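See below for my_file-v9.cif, which holds mmCIF, C-alpha atoms.
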data_upload
#
loop_
_atom_site.label_atom_id
_atom_site.label_comp_id
_atom_site.auth_asym_id
_atom_site.auth_seq_id
_atom_site.Cartn_x
_atom_site.Cartn_y
_atom_site.Cartn_z
CA THR A 6 -171.37 80.55 -130.33
CA GLY A 7 -171.62 81.84 -126.79
CA THR A 8 -168.54 84.10 -126.49
CA GLY A 9 -168.63 87.84 -126.62
CA HIS A 10 -169.50 90.71 -124.33
CA GLY A 11 -173.16 90.76 -123.35
CA GLY A 12 -175.88 90.06 -125.89
CA ASP A 13 -179.08 88.07 -126.01
CA VAL A 14 -179.27 84.44 -125.10
CA PRO A 15 -178.63 82.41 -128.29
CA ARG A 16 -181.77 80.55 -129.31
CA GLY A 17 -181.86 76.80 -129.03
CA SER A 18 -178.31 76.43 -127.77
CA LEU A 19 -178.76 76.74 -124.00
CA ASN A 20 -182.41 75.86 -123.44
CA ILE A 21 -181.49 72.43 -122.07
CA TYR A 22 -179.69 74.13 -119.13
CA LYS A 23 -182.49 76.52 -118.25
CA ASN A 24 -183.53 76.59 -114.59
CA LYS A 25 -180.98 73.94 -113.56
CA MET A 26 -179.06 74.60 -110.33
CA PRO A 27 -175.32 74.80 -111.03
CA TYR A 28 -172.25 74.07 -108.94
CA ILE A 29 -168.49 74.41 -109.44
CA GLU A 30 -165.67 72.02 -108.77
CA LEU A 31 -162.75 74.23 -107.69
CA LYS A 32 -159.27 72.72 -107.89
CA ASN A 33 -156.06 74.25 -106.51
CA GLU A 34 -153.49 73.40 -109.20
CA ASP A 35 -150.59 73.65 -106.72
CA SER A 36 -151.89 71.47 -103.89
CA GLY A 37 -154.42 69.37 -105.83
CA GLU A 38 -157.09 70.20 -103.24
CA ARG A 39 -160.68 70.19 -104.58
CA GLN A 40 -163.91 71.79 -103.37
CA ILE A 41 -167.48 71.61 -104.61
CA LEU A 42 -169.27 74.97 -104.36
CA HIS A 43 -172.92 75.59 -105.18
CA ILE A 44 -173.88 78.73 -107.06
CA PRO A 45 -176.87 80.57 -105.55
CA PRO A 46 -179.56 82.08 -107.83
CA GLU A 47 -178.15 85.58 -107.36
CA GLY A 48 -174.76 84.43 -108.73
CA ILE A 49 -171.27 84.68 -107.24
CA LYS A 50 -168.15 86.79 -107.36
CA ILE A 51 -164.68 85.24 -107.65
CA GLY A 52 -161.58 87.06 -106.43
CA ARG A 53 -159.06 87.80 -103.73
CA SER A 54 -161.38 90.01 -101.68
CA LYS A 55 -163.10 88.47 -98.68
CA SER A 56 -166.36 89.91 -99.94
CA CYS A 57 -166.32 87.37 -102.81
CA LYS A 58 -168.22 84.10 -102.56
CA ILE A 59 -165.18 82.21 -103.90
CA VAL A 60 -162.03 83.64 -102.29
CA LEU A 61 -158.76 82.81 -104.08
CA ASP A 62 -155.88 84.16 -102.01
CA ARG A 63 -153.26 84.71 -104.69
CA ASP A 64 -151.50 87.90 -105.80
CA SER A 65 -152.19 86.95 -109.43
CA ILE A 66 -155.94 87.01 -108.70
CA SER A 67 -157.61 90.42 -108.71
CA LYS A 68 -159.76 91.57 -105.78
CA VAL A 69 -162.88 90.91 -107.86
CA HIS A 70 -161.60 88.80 -110.73
CA ALA A 71 -164.81 87.53 -112.33
CA LYS A 72 -168.47 86.90 -111.64
CA ILE A 73 -170.94 84.19 -112.60
CA ASN A 74 -174.53 85.32 -113.03
CA CYS A 75 -177.81 84.07 -114.45
CA GLN A 76 -179.75 85.69 -117.28
CA SER A 77 -183.10 84.33 -118.47
CA GLY A 78 -182.38 81.06 -116.67
CA ASN A 79 -178.97 80.61 -118.32
CA TRP A 80 -175.57 81.13 -116.71
CA TYR A 81 -172.58 83.13 -117.88
CA ILE A 82 -169.15 84.18 -116.59
CA GLU A 83 -167.85 87.72 -117.01
CA ASP A 84 -164.42 89.28 -116.49
CA THR A 85 -164.62 92.23 -114.06
CA SER A 86 -161.60 94.12 -115.45
CA SER A 87 -159.17 91.68 -113.81
CA ARG A 88 -155.43 91.98 -114.26
CA ASN A 89 -154.78 88.45 -115.61
CA GLY A 90 -158.16 87.39 -116.96
CA PHE A 91 -159.28 83.78 -117.44
CA LEU A 92 -159.67 81.05 -120.06
CA VAL A 93 -162.78 79.03 -120.85
CA ASN A 94 -162.00 75.64 -122.40
CA GLY A 95 -158.49 76.89 -123.24
CA GLU A 96 -159.55 80.13 -124.94
CA ARG A 97 -159.15 83.59 -123.47
CA THR A 98 -162.44 85.47 -123.21
CA GLU A 99 -164.10 88.24 -121.25
CA TRP A 100 -167.69 86.93 -121.43
CA HIS A 101 -168.99 83.40 -121.99
CA TRP A 102 -172.31 81.53 -121.81
CA LEU A 103 -171.60 78.52 -119.59
CA ARG A 104 -172.44 74.96 -120.53
CA ASP A 105 -172.16 71.74 -118.55
CA ASN A 106 -168.50 70.68 -118.05
CA ASP A 107 -167.03 74.02 -119.17
CA ILE A 108 -163.54 74.46 -117.71
CA ILE A 109 -162.60 77.91 -116.41
CA SER A 110 -158.85 78.43 -115.90
CA LEU A 111 -157.48 81.14 -113.62
CA PRO A 112 -153.89 81.59 -112.35
CA HIS A 113 -153.18 78.59 -110.05
CA TYR A 114 -156.83 77.44 -110.11
CA LYS A 115 -159.18 75.47 -112.33
CA MET A 116 -162.97 75.52 -112.05
CA THR A 117 -165.32 73.07 -113.77
CA PHE A 118 -168.89 74.23 -114.20
CA PHE A 119 -171.67 71.65 -113.70
CA LEU A 120 -175.45 71.75 -113.85
CA SER A 121 -176.97 69.42 -111.27
CA GLY A 122 -180.15 68.18 -113.11
CA ALA A 123 -181.13 64.56 -112.67
CA ASP A 124 -177.60 63.22 -112.27
CA GLY A 125 -176.15 66.02 -110.16
CA LYS A 126 -175.72 63.74 -107.15
CA LYS A 127 -173.91 61.25 -109.34
CA HIS A 128 -171.55 64.01 -110.52
CA ARG A 129 -170.83 65.10 -106.98
CA SER A 130 -170.21 61.58 -105.66
CA SER A 131 -167.92 60.84 -108.60
CA LEU A 132 -165.95 64.01 -107.99
CA ALA A 133 -165.74 63.22 -104.29
CA ARG A 134 -164.38 59.73 -105.02
CA GLU A 135 -161.84 61.16 -107.46
CA ALA A 136 -160.70 63.77 -104.94
CA ALA A 137 -160.40 61.10 -102.23
CA ALA A 138 -158.31 58.90 -104.53
CA GLU A 139 -155.96 61.80 -105.27
CA ASP A 140 -155.63 62.54 -101.56
CA ASN A 141 -154.82 58.89 -100.82
CA LEU A 142 -152.17 58.85 -103.54
CA LYS A 143 -150.64 62.05 -102.20
CA ARG A 144 -150.55 60.62 -98.66
CA LYS A 145 -148.87 57.45 -99.94
CA LYS A 146 -146.22 59.50 -101.72
CA ASP A 147 -145.65 61.51 -98.56
CA ARG A 148 -145.18 58.28 -96.62
CA LEU A 149 -142.58 56.87 -99.02
CA PRO A 150 -139.25 56.29 -97.24
CA PRO A 151 -136.16 58.15 -98.49
CA VAL A 152 -133.55 56.69 -100.83
CA HIS A 153 -130.67 55.24 -98.83
CA PRO A 154 -127.92 57.87 -98.37
CA PHE A 155 -125.19 55.32 -99.19
CA ALA A 156 -126.73 54.80 -102.64
CA LEU A 157 -126.72 58.56 -103.23
CA ALA A 158 -123.15 58.91 -101.93
CA SER A 159 -121.96 56.18 -104.31
CA ILE A 160 -122.86 58.43 -107.27
CA PHE A 161 -120.18 60.87 -106.08
CA PHE A 162 -117.52 58.14 -106.07
CA PHE A 163 -118.59 56.88 -109.49
CA LEU A 164 -118.11 60.40 -110.85
CA LEU A 165 -114.65 60.47 -109.26
CA SER A 166 -113.89 57.18 -111.00
CA LEU A 167 -113.63 59.22 -114.20
CA LEU A 168 -110.34 60.46 -112.70
CA HIS A 169 -109.23 56.99 -111.57
CA TRP A 170 -111.06 53.68 -111.63
CA ALA A 171 -110.13 52.89 -108.00
CA PHE A 172 -112.74 55.39 -106.75
CA SER A 173 -115.45 53.13 -108.18
CA VAL A 174 -114.48 50.47 -105.61
CA SER A 175 -115.69 52.82 -102.83
CA GLY A 176 -118.93 53.35 -104.77
CA ILE A 177 -119.42 49.58 -105.10
CA VAL A 178 -118.96 49.10 -101.35
CA LEU A 179 -121.48 51.85 -100.57
CA CYS A 180 -124.01 50.38 -103.04
CA ALA A 181 -123.62 46.91 -101.54
CA LEU A 182 -124.15 48.29 -98.02
CA SER A 183 -127.22 50.26 -99.12
CA LEU A 184 -128.74 47.16 -100.77
CA TYR A 185 -128.17 45.19 -97.56
CA GLU A 186 -129.86 47.91 -95.49
CA ILE A 187 -132.77 48.31 -97.91
CA ARG A 188 -133.54 44.58 -97.92
CA ARG A 189 -133.12 44.26 -94.15
CA SER A 190 -135.19 47.32 -93.19
CA LYS A 191 -138.22 49.17 -94.56
CA LYS A 192 -136.80 52.55 -93.53
CA TYR A 193 -135.28 53.12 -96.96
CA ARG A 194 -136.17 52.62 -100.60
CA GLY A 195 -134.25 52.65 -103.87
CA GLN A 196 -133.37 48.98 -104.32
CA LEU A 197 -133.62 49.26 -108.11
CA ILE A 198 -131.45 52.41 -108.13
CA ALA A 199 -128.83 50.84 -105.88
CA THR A 200 -128.76 47.65 -107.99
CA ALA A 201 -128.28 49.64 -111.21
CA LEU A 202 -125.53 51.74 -109.60
CA LEU A 203 -123.83 48.60 -108.30
CA ALA A 204 -123.84 46.99 -111.76
CA GLY A 205 -122.55 50.21 -113.35
CA GLY A 206 -119.85 50.53 -110.69
CA VAL A 207 -118.62 46.99 -111.29
CA LEU A 208 -118.39 47.69 -115.02
CA LEU A 209 -116.49 50.93 -114.34
CA ALA A 210 -114.04 49.16 -112.03
CA LEU A 211 -113.45 46.27 -114.43
CA SER A 212 -113.01 48.52 -117.46
CA GLY A 213 -110.66 50.85 -115.56
CA PHE A 214 -108.57 47.96 -114.26
CA PHE A 215 -108.62 46.34 -117.68
CA ILE A 216 -107.32 49.49 -119.39
CA GLU A 217 -104.65 50.12 -116.75
CA ALA A 218 -103.49 46.51 -116.84
CA GLY A 219 -102.70 46.61 -120.53
CA GLY A 220 -105.94 46.89 -122.44
CA MET A 221 -106.62 44.49 -125.27
CA GLU A 222 -103.12 43.11 -125.19
CA MET A 223 -104.15 40.92 -122.24
CA PHE A 224 -106.57 39.09 -124.54
CA LEU A 225 -104.73 39.11 -127.86
CA VAL A 226 -104.29 35.64 -129.33
CA PRO A 227 -100.65 34.46 -129.45
CA ASP A 228 -100.29 34.91 -133.22
CA THR A 229 -101.52 38.50 -132.95
CA ILE A 230 -99.07 39.22 -130.13
CA LYS A 231 -96.21 37.84 -132.21
CA THR A 232 -97.24 40.06 -135.10
CA HIS A 233 -97.17 43.09 -132.81
CA CYS A 234 -93.85 42.00 -131.34
CA ARG A 235 -92.29 41.60 -134.81
CA THR A 236 -93.62 45.04 -135.81
CA ASN A 237 -92.09 46.54 -132.66
CA MET A 238 -88.73 44.94 -133.42
CA GLU A 239 -88.79 46.32 -136.97
CA VAL A 240 -89.44 49.83 -135.65
CA ILE A 241 -86.73 49.39 -133.00
CA TRP A 242 -84.24 48.25 -135.66
CA ASP A 243 -84.87 51.39 -137.74
CA ALA A 244 -84.60 53.56 -134.63
CA LEU A 245 -81.32 51.90 -133.60
CA GLN A 246 -79.81 52.56 -137.02
CA GLU A 247 -80.84 56.21 -136.90
CA TYR A 248 -79.47 56.54 -133.36
CA LYS A 249 -76.24 54.85 -134.46
CA GLU A 250 -75.76 57.35 -137.29
CA ASN A 251 -76.28 60.31 -134.96
CA ALA A 252 -74.20 58.93 -132.08
CA GLY A 253 -70.90 58.20 -133.79
CA ASN A 254 -71.58 54.64 -134.92
CA ARG A 255 -72.60 53.31 -131.51
CA TYR A 256 -75.82 51.87 -130.10
CA PRO A 257 -77.63 53.20 -126.99
CA LYS A 258 -76.92 51.53 -123.67
CA GLN A 259 -80.65 51.17 -122.98
CA LEU A 260 -83.71 50.98 -125.21
CA SER A 261 -85.35 53.81 -123.27
CA GLU A 262 -82.86 56.23 -124.84
CA LEU A 263 -84.70 55.86 -128.14
CA TYR A 264 -87.82 57.61 -126.77
CA PRO A 265 -89.07 60.14 -127.78
CA GLU A 266 -86.62 61.23 -130.46
CA TYR A 267 -86.47 57.97 -132.41
CA VAL A 268 -89.68 56.14 -131.46
CA PRO A 269 -93.03 57.93 -130.95
CA ALA A 270 -94.32 55.83 -128.02
CA THR A 271 -92.88 53.78 -125.16
CA ASN A 272 -95.13 50.79 -125.87
CA ILE A 273 -93.02 50.13 -128.98
CA LEU A 274 -90.05 49.45 -126.68
CA ARG A 275 -91.75 46.52 -124.91
CA CYS A 276 -93.12 43.15 -125.92
CA PRO A 277 -96.96 43.15 -126.13
CA GLY A 278 -97.00 39.81 -124.33
CA SER A 279 -95.02 41.04 -121.31
CA GLY A 280 -98.00 42.50 -119.41
CA SER A 281 -95.95 45.52 -118.31
CA ASP A 282 -95.87 49.18 -119.35
CA GLU A 283 -92.16 49.71 -118.64
CA PRO A 284 -89.90 50.46 -121.66
CA GLY A 285 -87.87 47.35 -122.48
CA ALA A 286 -90.23 45.02 -120.59
CA GLY A 287 -90.24 41.52 -122.06
CA TYR A 288 -87.06 42.16 -124.07
CA ILE A 289 -83.40 41.50 -123.47
CA TYR A 290 -81.27 44.16 -125.12
CA ALA A 291 -77.58 43.51 -125.73
CA GLY A 292 -76.63 47.18 -125.54
CA ASP A 293 -73.82 48.65 -127.62
CA VAL A 294 -72.43 45.62 -129.52
CA GLY A 295 -70.01 47.82 -131.47
CA PRO A 296 -69.89 48.87 -135.13
CA ASN A 297 -68.24 45.65 -136.32
CA ALA A 298 -70.56 43.08 -134.69
CA ALA A 299 -71.00 39.81 -136.59
CA PRO A 300 -74.30 39.42 -138.50
CA ASP A 301 -75.51 36.65 -136.14
CA THR A 302 -74.87 38.74 -133.02
CA VAL A 303 -78.02 39.07 -130.93
CA LEU A 304 -79.12 42.68 -130.63
CA LEU A 305 -82.55 42.18 -129.07
CA MET A 306 -84.64 39.14 -128.06
CA ASP A 307 -87.65 38.06 -126.07
CA ALA A 308 -86.85 37.50 -122.40
CA THR A 309 -88.43 34.02 -122.33
CA ALA A 310 -89.30 31.45 -124.96
CA SER A 311 -92.81 31.02 -123.51
CA GLN A 312 -93.63 34.71 -123.80
CA HIS A 313 -95.82 34.07 -126.85
CA LYS A 314 -97.43 30.94 -125.35
CA LYS A 315 -96.09 28.63 -128.09
CA ASN A 316 -92.61 27.91 -126.70
CA ASN A 317 -90.75 30.17 -129.09
CA ALA A 318 -89.22 33.63 -129.06
CA LEU A 319 -88.34 36.38 -131.55
CA VAL A 320 -84.75 37.51 -131.96
CA LEU A 321 -83.36 40.62 -133.67
CA PHE A 322 -79.83 40.09 -135.00
CA ALA A 323 -77.15 42.69 -135.76
CA ASP A 324 -77.81 42.44 -139.50
CA GLY A 325 -81.50 43.33 -139.07
CA ARG A 326 -82.89 39.80 -139.34
CA ILE A 327 -85.84 38.87 -137.11
CA GLU A 328 -86.18 35.14 -136.52
CA ARG A 329 -88.27 32.87 -134.37
CA VAL A 330 -86.31 30.41 -132.20
CA GLY A 331 -87.32 27.48 -129.98
CA ILE A 332 -86.55 26.85 -126.32
CA ARG A 333 -83.12 25.26 -126.75
CA GLU A 334 -81.83 27.85 -129.19
CA HIS A 335 -83.23 30.60 -126.99
CA GLN A 336 -81.32 29.23 -123.98
CA TYR A 337 -78.15 29.03 -126.06
CA LEU A 338 -78.50 32.64 -127.14
CA LEU A 339 -79.09 33.67 -123.51
CA LEU A 340 -75.76 32.07 -122.57
CA GLN A 341 -74.08 34.07 -125.35
CA LEU A 342 -75.48 37.32 -123.98
CA ASP A 343 -74.30 36.47 -120.45
#

Output the file's structure as structure tokens, nothing else.
Amino acid sequence: TGTGHGGDVPRGSLNIYKNKMPYIELKNEDSGERQILHIPPEGIKIGRSKSCKIVLDRDSISKVHAKINCQSGNWYIEDTSSRNGFLVNGERTEWHWLRDNDIISLPHYKMTFFLSGADGKKHRSSLAREAAAEDNLKRKKDRLPPVHPFALASIFFFLLSLLHWAFSVSGIVLCALSLYEIRRSKKYRGQLIATALLAGGVLLALSGFFIEAGGMEMFLVPDTIKTHCRTNMEVIWDALQEYKENAGNRYPKQLSELYPEYVPATNILRCPGSGSDEPGAGYIYAGDVGPNAAPDTVLLMDATASQHKKNNALVLFADGRIERVGIREHQYLLLQLD
């Protein structure tokens, strides 16, 4: 089919190329630079040596890497015992009959073999236009302004926000400044990047603040908060009884004494509607009411009647009952505690 070492010209397969003057488009794969080189009738040598017609100054290219010659009016490429060899149309070979548009790949270089014929000028002008377009694109990329340094610096602060959400505020400020500079001046680019970082930073800040401020409890509907509050009071009641048994029939002076031995988490010791993380927040605790307290003695109650947004409060009595009371009854019970 045209590959192999030496041999006669295959009949009927290359006759259309006979006596046509060839040329090569040489492309540097690193820089993108292209050259069009004509092949004289006596052929050419390709290699690192200055004696070669096509000089490729790379260590991976042998001194005389390959040669292109003509036999019976047809052209072929031959490996001259090079160190790294070459590919023709993606296949490694040492000898190949060349056809129009064959691609020869060497380390860092690509050569396309063309036969001029009737449309050789058209080929060359097309290649020249393509090379010029690539050069223009490269020059445009080289002229692109840098991304604003504030936008890049904001990434650092957004990473720090994983430690604490407040760092994201600095990132937001830097992104806002970079957007202002980018829109005002053409010295910088990256408006889309800065906008995306700004949006992400705002989300980070809001989510961090939201979690630190109390999470979903800020948005729980009143009935859900009351359910949580009642559950907390039930757990507190059980913990108080256990504490009482272990402490000589007396209650703790403060609710915080129940953690961590009797309750597993401090959020149990506060009302979900209080908006605070402190143990006992949102509750009024009567303290040690004594072993013989009357059943209707208040042991624990909501601090205000409006804490659940429906003008009522939950009260834990000394007999373990948990009841909901209105504003007047709540005020009366407050007077009793005072």

Could you pull the residues within 12 Å of A:Ser56, counting only C-alpha atoms, minus those fewer than 6 positions along the same chain, as a ChimeraX atom specification? /A:49-50,68-70

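In this model, the gap between atom CA of A:Cys57 and atom CA of A:Gln76 comes to 19.8 Å.
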
Nearest to A:Leu305: which of A:Arg235, A:Lys249, A:Arg189, A:Lys58 is it, counting only C-alpha atoms?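 Closest candidate: A:Arg235.
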
Quick one: which residues end up in the PyMOL selection byres ((chain A and resi 245) around 9) for this structure, as number ranges by chain? A: 240-244, 246-250, 256-257, 260, 263, 267

Length of the atom CA of A:Gly287 to atom CA of A:Pro265 vector [Å]: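 Computing the Euclidean distance for atom CA of A:Gly287 and atom CA of A:Pro265 yields 19.5 Å.
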
Picked residues, the PyMOL selection byres ((chain A and resi 327-330) around 12), as a ChimeraX atom specification: /A:231-232,234-242,300-307,309-313,315-326,331-339

The PyMOL selection byres ((chain A and resi 71) around 8) resolved against shown file, as a PyMOL selection string: chain A and resi 50-52+69-70+72-73+82-87

Find the residue from A:Gln259, A:Asn33, A:Ser183, A:Asn94 that sits nearest to A:Ile109; use all atoms listed in the file when measuring.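 Closest residue, counting all atoms listed in the file: A:Asn94.
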
Rank A:Lys115, A:Ala201, A:Asn251, A:Lys258 by their smallest atom-to-atom distance to A:Val294, using all atoms listed in the file, and report the top residue only.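 Result for the nearest residue to A:Val294: A:Lys258.
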
Go ahead and compute the interatomic distance for atom CA of A:His169 and atom CA of A:Gly213, in Å to one decimal.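 Between atom CA of A:His169 and atom CA of A:Gly213 the gap is 7.5 Å.
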